[in-house]
Structures are given as structure tokens and as C-alpha cells.
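**Q** Here it is, the structure, as C-alpha cells.
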There are 2 protein chains.
Amino acid sequence: MERFSNISMAVVRRLPKYHRYLGDLLHNDIRRVSSQELSRITGFTASQIRQDLNCFGGFGQQGYGYNVDELHREIGNILGLDKTYKTIIIGAGNVGRAIANYTFFEESGFKLYGMFDNNPKKIGDNIKDLTVLPIDEVESFIKSNDIEIGILCTPKEGTQKIAETLVNCGIKGIWNFAPVDLKLSGNVIIENVHLSESLFTISYLLKEQEETLKKKR
Amino acid sequence: MERFSNISMAVVRRLPKYHRYLGDLLHNDIRRVSSQELSRITGFTASQIRQDLNCFGGFGQQGYGYNVDELHREIGNILGLDKTYKTIIIGAGNVGRAIANYTFFEESGFKLYGMFDNNPKKIGDNIKDLTVLPIDEVESFIKSNDIEIGILCTPKEGTQKIAETLVNCGIKGIWNFAPVDLKLSGNVIIENVHLSESLFTISYLLKEQEETLKKKR
DNA sequence: TCAGATATGTTAAAATTTTAACAAATTGGA
DNA sequence: TCCAATTTGTTAAAATTTTAACATATCTGA
């Protein structure tokens with residue numbers, strides 16, 4: 001991924017974990033934490049944690065550590081969790097429905113405004129408090145509702161085309177569950193959840209482990 | 001992740017992509033491909049592709065390139081796609097149901113043998129051709145059916161405990177959709193799908209991009 | 001108030017990952 | 001048959017990421 005920022009993706013992908021663990025600490029009324037303790041909890045090295053946090057500023061205090069509440073809030077801000085985002089789901093199949101009903105989604109500031117499908121059997125279905133709309137209406141819907149994020153839960157085939165449509169409508173981010181790598185121009189953010197690749201990785205690791213265990217014997 | 005193999009996770013995570021793109025080529029009756037062409041398609045550098053493939057053996061031929069069919073098959077074998085795996089799903093909520101109905105899952109050799117939940121309202125539900133069983137029965141079920149992979153679609157709270165149970169029953173791999181990092185001893189493979197972290201990453205990137213665009217103006 | 005303990009921010013080193021370079025092998029057309 | 005073009009496998013360099021080291025600041029208990 002080509003980006004302008006000097007923060008590496010490796011760091012970015014650790015931020016949500018920090019946020020989650022700090023939330024846990026907060027939940028347990030722990031007010032103060034050192035990088036060493038965070039290391040014990042998260043499994044990252046203390047050095048890495050300090051270095052990561054320092055990308056965004058000195059949140060800690062020498063001799064004391066980090067204030068849990070403050071750090072949790074700061075990372076939340078860095079992650080943009082203070083904002084809310086308007087979203088739609090394309091594809092009202094199993095995955096689309098699961099995301100629609102995923103409570104964490106709205107808890108994190110992502111508000112679902114609409115669901116779309118091209119299958120006449122699904123159009124008109126009620127999912128949560130929404131009615132599935134025909135895909136033809138997606139362009140006008142995005143424009144009139146200022147939708148920022150599109151969630152693609154479509155089968156492989158139509159996905160590239162619909163993604164292009166979304167980008168043309170000015171969508172800013174795409175959460176892609178379809179097993180394709182989208183080729184899109186412009187400044188759109190793409191975040192893939194490639195379940196098939198995740199599965200294949202398990203398959204590989206299981207096979208690898210079996211072979212290593214075999215050799216050890 | 002600590003592993004015995006000298007193949008890095010970075011390489012492993014690219015293998016499913018190679019496999020997918022080679023499948024596409026095969027589907028289009030393309031018999032031969034160079035690392036340069038693969039680079040164009042996949043977005044990885046030709047150098048990286050050659051280096052990755054060479055971790056597993058010399059599949060290509062100088063002056064010719066790679067035979068698509070052969071390479072596709074070889075990578076499939078490396079990924080262990082020739083095998084089948086017996087799986088169960090824990091948690092018959094939205095995510096659990098989506099996975100159960102995810103056709104790609106069974107196409108890839110993962111056979112779903114059972115679904116479990118602790119909610120009396122869900123126990124007895126029919127999902128696909130399976131009936132949701134009470135979680136108390138999971139131990140005996142795993143042992144008597146030689147289940148190899150457990151798919152955790154449970155809420156945050158109970159997940160660590162149920163994972164420990166699975167490991168004690170001899171499960172080999174866990175596909176974890178719960179927003180927790182499992183702490184497990186032994187040789188069990190853990191593959192996380194942390195949707196919340198994926199969401200937060202989008203949120204971060206959107207905010208970052210907005211700020212960069214603002215500066216440019 | 002003082003001194004040892006603690007723990008950050010930061011710089012430097014080590015490790016890993018990616019990219020580049022190129023020799024050697026093969027292809028394919030004249 | 002021969003030669004230029006192609007393309008791999010492999011080695012070396014560059015870039016990135018992680019880990020270690022340590023000076024400096026703050027805390028805490030006596």
C-alpha cells in the first residue's frame with residue numbers, strides 16, 4: 001500500500017491492539033501501566049511499544065509509565081474513533097447480514113445507512129431496521145446520503161465493477177470481503193478481509209506443523 | 001508467531017494469492033507465465049515472486065517461465081489443499097452462521113461436522129444440514145469425530161476458556177473470530193480474523209488521508 | 001530532602017524483508 | 001545451426017522493522 005504518511009502499516013496494525021488492551025485495563029480500574037507490563041499483556045516487546053507510541057508523541061512519563069485512561073483516549077483519537085462514518089453494505093448474503101448484525105460495528109462509530117443487492121429475491125428483505133434496495137439505486141443513494149464507506153460482501157465476479165462505481169460516487173473507503181484484489185485509482189482506502197487466504201494459511205500451517213512433528217520423532 | 005520452519009510468515013501469506021491468480025490464469029486457458037507477468041497481475045515484484053517460489057523448489061525454467069498448471073498444483077500442495085479437514089463451529093450467532101453457509105469453505109476441503117452454542121434459544125436450530133448442539137457436548141464430539149479445527153465465533157468473554165477446552169481435546173487449529181488474543185500452550189495453530197482491528201485500521205487510514213489531503217491544499 | 005529504583009524517549013545495532021543485479025540455461029527465429 | 005532474446009535461480013545490496021542500550025527524567029520511601 002502506497003501512503004504519504006511516514007507511519008508504517010506495521011505500526012498502524014498494532015494500534016487497535018493497544019487500544020483494546022488499554023480498554024481492558026481501564027475496565028479493571030488499572031490507572032497506570034509501564035511498557036514492560038504492556039509487553040507482558042500484549043506479547044510485543046517493551047521496546048517496540050515505546051517506539052510505536054513515540055511515533056505519535058510522548059504520552060508517558062519517565063519513572064512512572066503511562067496513564068491508562070489518557071493513553072487509551074489518545075490512541076482512540078489517533079484511530080479516529082471520535083468520528084462517525086456513514087456506511088452501506090453491498091451484498092445481502094450471509095456475510096452482508098452478519099456484518100449488518102455485528103454490534104461492534106455500530107459501537108465503533110460506523111453507522112449503517114443502507115443495504116443493496118442485485119438479486120430480486122433479496123431486494124425488499126428486512127435486515128435489522130433496513131430494507132434491502134436494488135443495486136441500481138446505489139449511486140443516487142451514496143450521493144444523497146453522503147456515504148463514506150462501502151462494505152463489499154459480493155461474490156468475486158461483480159466486485160471490481162461495483163467498486164469502481166462506488167469510487168466514482170466519491171466513496172472514501174472500502175471494506176472488501178470479496179476474494180479479489182481491487183484495482184482502483186484515486187485516494188480510496190481499501191481494507192481487505194480475505195477469508196479464503198486466512199483459511200489457506202491455516203491449511204499451510206497445519207501441514208507444516210505435521211511435517212515438523214514427524215521429523216522430530 | 002513462533003514456528004520451526006524457516007519459511008517466513010510474509011512468504012506464507014503471499015502463497016494463497018499466488019494460488020488464486022494462477023487459478024484465474026488457468027481458468028483463462030493461459031498455460032505459461034513469467035515472473036514479470038505475475039508481477040503485473042499480483043502487484044508483487046518479479047524478484048519477490050521468484051524468491052518466494054524458490055523457497056519451495058525450482059518450479060520454473062530459464063528462458064520459458066512457469067507452467068501455470070504445474071505451479072498452481074504445486075502451490076496447492078504446499079498449502080495442503082489436497083487434504084480435507086474436519087471442523088466445528090462454536091457460536092451459532094451471525095458470524096457462525098455466515099461461516100457455516102460460506103461455500104468457499106467446503107470447496108477448500110474444510111468439512112463442517114458440527115455447530116455448538118450455550119444459548120438454549122439457539123440449541124436445536126437447524127443451520128445448513130446441521131443441528132446446533134449444546135456446548136457441553138463439544139468435548140465428547142471432538143474426540144469421537146476426530147475434529148481437527150475449531151472455529152470460534154463466540155463473544156469475547158467465553159472465548160479463552162472454550163479455546164483451552166478445544167486444545168485439551170487435541171484440536172490442531174483454531175480459526176478465531178472473537179476479538180481476543182488467545183493464550184494457548186502446545187502446538188495448536190491459531191489464525192485470527194479480528195474484524196474490529198480491521199475496522200479500526202480503516203478508520204485510522206481515512207483520518208490520515210483526510211489530514212494529508214488537507215495539508216496538500 | 002535525598003538516593004536508589006523505575007521507566008520513558010531516543011539513538012544505535014541487529015534482524016528481517018524486499019529489491020536489484022547477474023550468471024547460466026533455455027527458447028525461438030533466421 | 002547459431003545467436004540474440006528471454007527468463008530463471010541465486011547472490012548481493014538496500015530498505016524496513018525489530019530489538020537492544022542508555023542517558024535523562026521522575027517517582028517513592030526513608
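Here's how to read the names in the C-alpha cells: chain A, B, ... by the order shown, residue numbers from 1 in each chain, ligand numbers from 1 in the order shown.
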With 8 Å as the cut-off and only C-alpha atoms (C1' of nucleotides) counted, what is the closest atom pair between each nearby residue of chain D and chain B? Distances in Å to one decimal, ordered by chain and number, as a tab-separated table.
**A**
```
residue	atom	partner	partner_atom	distance
D:DT6	C1'	B:Gly63	CA	4.7
D:DT7	C1'	B:Gly63	CA	4.2
D:DT8	C1'	B:Gln62	CA	4.1
D:DG9	C1'	B:Gly58	CA	7.4
```
**Q** Generate the output file for the selected residues, N, CA and C atoms (P, O5', C5', C4', C3', O3' and C1' of nucleotides), as a PDB file, in the first residue's frame.
**A**
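again_19.pdb, written as the output of this step:
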```pdb
ATOM      1  P    DT D   6      13.109 -10.039 -25.633  1.00  0.00           P
ATOM      2  O5'  DT D   6      13.022 -11.325 -24.684  1.00  0.00           O
ATOM      3  C5'  DT D   6      12.424 -12.509 -25.187  1.00  0.00           C
ATOM      4  C4'  DT D   6      12.534 -13.606 -24.145  1.00  0.00           C
ATOM      5  C3'  DT D   6      12.047 -13.219 -22.751  1.00  0.00           C
ATOM      6  O3'  DT D   6      11.081 -14.171 -22.369  1.00  0.00           O
ATOM      7  C1'  DT D   6      14.151 -14.287 -22.635  1.00  0.00           C
ATOM      8  P    DT D   7      10.011 -13.901 -21.255  1.00  0.00           P
ATOM      9  O5'  DT D   7      10.715 -14.570 -20.008  1.00  0.00           O
ATOM     10  C5'  DT D   7      10.900 -15.972 -19.997  1.00  0.00           C
ATOM     11  C4'  DT D   7      11.809 -16.332 -18.858  1.00  0.00           C
ATOM     12  C3'  DT D   7      11.513 -15.582 -17.544  1.00  0.00           C
ATOM     13  O3'  DT D   7      11.332 -16.512 -16.513  1.00  0.00           O
ATOM     14  C1'  DT D   7      13.794 -15.629 -18.000  1.00  0.00           C
ATOM     15  P    DT D   8      10.777 -16.078 -15.080  1.00  0.00           P
ATOM     16  O5'  DT D   8      11.550 -17.159 -14.211  1.00  0.00           O
ATOM     17  C5'  DT D   8      11.543 -18.513 -14.649  1.00  0.00           C
ATOM     18  C4'  DT D   8      12.882 -19.150 -14.375  1.00  0.00           C
ATOM     19  C3'  DT D   8      13.217 -19.269 -12.890  1.00  0.00           C
ATOM     20  O3'  DT D   8      13.411 -20.638 -12.564  1.00  0.00           O
ATOM     21  C1'  DT D   8      15.023 -18.259 -14.093  1.00  0.00           C
ATOM     22  P    DG D   9      13.201 -21.124 -11.052  1.00  0.00           P
ATOM     23  O5'  DG D   9      14.680 -20.952 -10.476  1.00  0.00           O
ATOM     24  C5'  DG D   9      15.702 -21.837 -10.903  1.00  0.00           C
ATOM     25  C4'  DG D   9      17.038 -21.367 -10.340  1.00  0.00           C
ATOM     26  C3'  DG D   9      17.119 -21.333  -8.808  1.00  0.00           C
ATOM     27  O3'  DG D   9      18.377 -21.907  -8.454  1.00  0.00           O
ATOM     28  C1'  DG D   9      17.654 -19.194  -9.694  1.00  0.00           C
TER      29       DG D   9
END
```
**Q** Give the residues of chain C that lie within 8 Å of chain A; count only C-alpha atoms (C1' of nucleotides), and format the answer as a PyMOL selection string.
**A** chain C and resi 6-9
**Q** Please find the residues of chain A near chain B - the criterion being any atom within 6 Å, counting only C-alpha atoms - and write them as a VMD selection string.
**A** chain A and resid 16 79 to 80 94 to 95 98 197 203 to 204 207
**Q** Just C-alpha atoms for this one: save the residues we selected as a PDB file, in the first residue's frame.
**A**
```
ATOM      1  CA  PRO A  16      -6.021  -1.332  17.555  1.00  0.00           C
ATOM      2  CA  LEU A  79      -7.503   5.829  15.250  1.00  0.00           C
ATOM      3  CA  GLY A  80     -10.242   8.335  14.529  1.00  0.00           C
ATOM      4  CA  ASN A  94     -24.584 -14.426   4.623  1.00  0.00           C
ATOM      5  CA  VAL A  95     -21.588 -12.197   5.099  1.00  0.00           C
ATOM      6  CA  ALA A  98     -23.510 -10.946   9.567  1.00  0.00           C
ATOM      7  CA  GLU A 197      -6.495 -16.589   2.277  1.00  0.00           C
ATOM      8  CA  SER A 203      -4.112 -25.210   5.995  1.00  0.00           C
ATOM      9  CA  TYR A 204      -0.468 -24.436   5.262  1.00  0.00           C
ATOM     10  CA  LYS A 207       0.604 -29.190   7.156  1.00  0.00           C
TER      11      LYS A 207
END
```
**Q** Could you work out how far CA of Ile127 in chain A lies from CA of Ile127 in chain B, giving the answer in Å with one decimal?
**A** 18.3 Å
**Q** I need the residues of range 41-131 of chain B that end up classed as strand (DSSP E) by DSSP on the backbone, written out as a CSV table (one decimal) with C-alpha atoms, in the first residue's frame.
**A**
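As a result, states-v2.csv now contains:
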```
chain,number,residue,atom,x,y,z
B,60,GLY,CA,10.3,-22.6,-13.4
B,61,GLN,CA,12.5,-22.9,-16.4
B,65,GLY,CA,8.9,-19.1,-17.2
B,66,TYR,CA,6.5,-21.2,-15.2
B,67,ASN,CA,3.9,-23.7,-16.3
B,85,TYR,CA,-10.1,-31.1,7.5
B,86,LYS,CA,-12.8,-31.9,9.9
B,87,THR,CA,-14.1,-28.7,11.6
B,88,ILE,CA,-16.7,-27.5,14.1
B,89,ILE,CA,-18.1,-24.0,14.7
B,90,ILE,CA,-18.5,-22.7,18.3
B,110,PHE,CA,-12.9,-27.9,5.1
B,111,LYS,CA,-15.8,-30.1,6.1
B,112,LEU,CA,-18.2,-28.8,8.8
B,113,TYR,CA,-19.2,-31.5,11.2
B,114,GLY,CA,-21.0,-29.7,14.0
B,115,MET,CA,-22.1,-26.4,15.5
B,116,PHE,CA,-22.3,-25.6,19.2
B,117,ASP,CA,-23.7,-22.9,21.3
B,126,ASN,CA,-31.0,-26.1,12.0
B,127,ILE,CA,-28.2,-24.4,10.1
B,130,LEU,CA,-26.7,-29.4,11.0
B,131,THR,CA,-28.4,-29.0,14.3
```
